[in-house]
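J.: Would you mind keeping the following structure in view while I ask a few things?
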Amino acid sequence: NLIKLPQLDLSEQVLKLEQLVSFFDNPLKAFAQQRLNLKFETTDQIIEDAEPFTTNGLSEYQIREQICYAFLDKEADNSAMNIKLIHQLSGQLPESPITESSLNSWHEDAEILSQAIIEKGEIFTQTIEQKVLAISIECNLHWLKKDEQLLIWRPASRKAKDDLRLWLTHLLATIVSNSPVETIGLFFNKKYKKVESITLPANLDKEQANKILAD
């Protein structure tokens with residue numbers, strides 16, 4: 001049987017940048033989730049009282065991200081260590097020496113990445129909503145105050161969707177800026193425990209960026 005969906009009026013919606021990234025990264029999954037309201041969750045139900053035996057990749061990423069943001073928060077007092085302790089006591093991680101070692105490693109990874117971010121200089125965040133072909137796109141832009149530079153980071157190894165996010169953000173930043181923008185992406189390579197950088201040069205003006213997005 002065919003399902004007839006109502007026509008989607010994008011002119012009345014605000015699309016978040018992450019929705020676009022998700023669509024281009026996996027169009028079928030994004031369509032099923034956003035238009036059919038289907039959720040691709042595991043069918044195995046986890047018993048709440050059961051002790052976890054392994055840490056999944058998502059939990060690892062989220063913990064590393066939380067610790068990284070804690071390091072970046074200058075007003076927080078020792079919050080990175082607090083986050084580590086909270087996860088140790090949460091019961092959501094396996095109780096084993098391996099977990100303690102993993103938390104220490106993630107804490108170290110987050111500190112390395114946050115230090116690379118801090119070394120770039122002071123950052124201020126701007127939330128924008130930009131219309132492209134009557135479609136409003138919303139995203140956060142992290143600007144370096146000293147230069148007309150944009151900074152994007154992720155506490156994980158660089159993937160294809162990161163390049164897409166970097167490019168889309170670069171185009172949107174160029175449109176809202178009065179001059180060409182240089183965009184820097186920082187990613188953490190877990191295998192080699194180092195920060196990797198990619199730079200998109202400031203070689204587009206506002207009209208060019210708008211045309212690329214519209215096409």
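Ligands are numbered from 1 in the order shown, residues from 1 within each chain, and chains are lettered A, B, ... in the order they appear in the structure tokens.
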Can you pull out every residue within 7 Å of region 163-175 of chain A, counting only C-alpha atoms, but drop anything in the same chain fewer than 6 positions away, and send it as a PyMOL selection string?
T.: chain A and resi 21+181+183+185+205-206+209-210
J.: Save the residues we just selected, N, CA, C and O atoms, as an mmCIF file, in the first residue's frame?
T.:
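And here is the file that came out, selection.cif:
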data_model
loop_
_atom_site.group_PDB
_atom_site.id
_atom_site.type_symbol
_atom_site.label_atom_id
_atom_site.label_comp_id
_atom_site.auth_asym_id
_atom_site.auth_seq_id
_atom_site.Cartn_x
_atom_site.Cartn_y
_atom_site.Cartn_z
ATOM 1 N N VAL A 21 22.273 18.266 7.581
ATOM 2 C CA VAL A 21 23.417 17.361 7.618
ATOM 3 C C VAL A 21 22.937 15.913 7.707
ATOM 4 O O VAL A 21 23.438 15.033 6.999
ATOM 5 N N VAL A 181 34.910 34.748 4.631
ATOM 6 C CA VAL A 181 35.150 34.124 5.932
ATOM 7 C C VAL A 181 36.080 32.922 5.782
ATOM 8 O O VAL A 181 35.943 32.135 4.847
ATOM 9 N N THR A 183 37.064 29.443 7.585
ATOM 10 C CA THR A 183 36.467 28.515 8.540
ATOM 11 C C THR A 183 37.458 27.418 8.900
ATOM 12 O O THR A 183 38.046 26.786 8.022
ATOM 13 N N GLY A 185 38.094 23.872 11.056
ATOM 14 C CA GLY A 185 37.495 22.725 11.714
ATOM 15 C C GLY A 185 38.541 21.969 12.512
ATOM 16 O O GLY A 185 39.616 21.680 12.004
ATOM 17 N N ASP A 205 32.535 35.337 -1.800
ATOM 18 C CA ASP A 205 31.795 36.479 -1.278
ATOM 19 C C ASP A 205 30.348 36.055 -1.008
ATOM 20 O O ASP A 205 29.961 34.904 -1.244
ATOM 21 N N LYS A 206 29.570 36.990 -0.518
ATOM 22 C CA LYS A 206 28.205 36.697 -0.103
ATOM 23 C C LYS A 206 27.352 36.163 -1.254
ATOM 24 O O LYS A 206 26.606 35.188 -1.099
ATOM 25 N N ALA A 209 28.353 32.509 -2.211
ATOM 26 C CA ALA A 209 27.904 31.544 -1.216
ATOM 27 C C ALA A 209 26.405 31.302 -1.321
ATOM 28 O O ALA A 209 25.925 30.174 -1.227
ATOM 29 N N ASN A 210 25.663 32.389 -1.538
ATOM 30 C CA ASN A 210 24.207 32.271 -1.679
ATOM 31 C C ASN A 210 23.836 31.439 -2.890
ATOM 32 O O ASN A 210 22.918 30.598 -2.854
#
J.: Could you go through region 21-148 of chain A and tell me which residues DSSP, when run on the backbone, assigns to helix (DSSP H, G or I), listing them as an MDAnalysis selection string?
T.: chainID A and resid 21:25 27:34 57:72 79:89 97:119
J.: Which of these, A:Ser136, A:Ser197, A:Ser177, A:Ser105, has the shortest distance to Arg158 (chain A) once you count only C-alpha atoms?
T.: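 Of A:Ser136, A:Ser197, A:Ser177, A:Ser105, the one nearest Arg158 (chain A) is A:Ser197, counting only C-alpha atoms.
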J.: Name the residues of region 33-203 of chain A that come out as strand (DSSP E or B) in a backbone DSSP run; write them as a ChimeraX atom specification.
T.: /A:123-132,135-144,149-154,182-189,194-200
J.: Enter the distance from CA of Ser90 (chain A) to CA of Lys194 (chain A), in Å, rounded to one decimal.
T.: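 Rounded to one decimal, the two atoms are 28.7 Å apart.
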J.: At what distance in Å, to one decimal, does CA of Lys193 (chain A) lie from CA of Glu108 (chain A)?
T.: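 According to the coordinates, CA of Glu108 (chain A) and CA of Lys193 (chain A) are separated by 9.1 Å.
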J.: Between CA of Ala156 (chain A) and CA of Cys68 (chain A), what is the distance in Å, rounded to a tenth?
T.: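 Here the two named atoms are 11.3 Å from each other.
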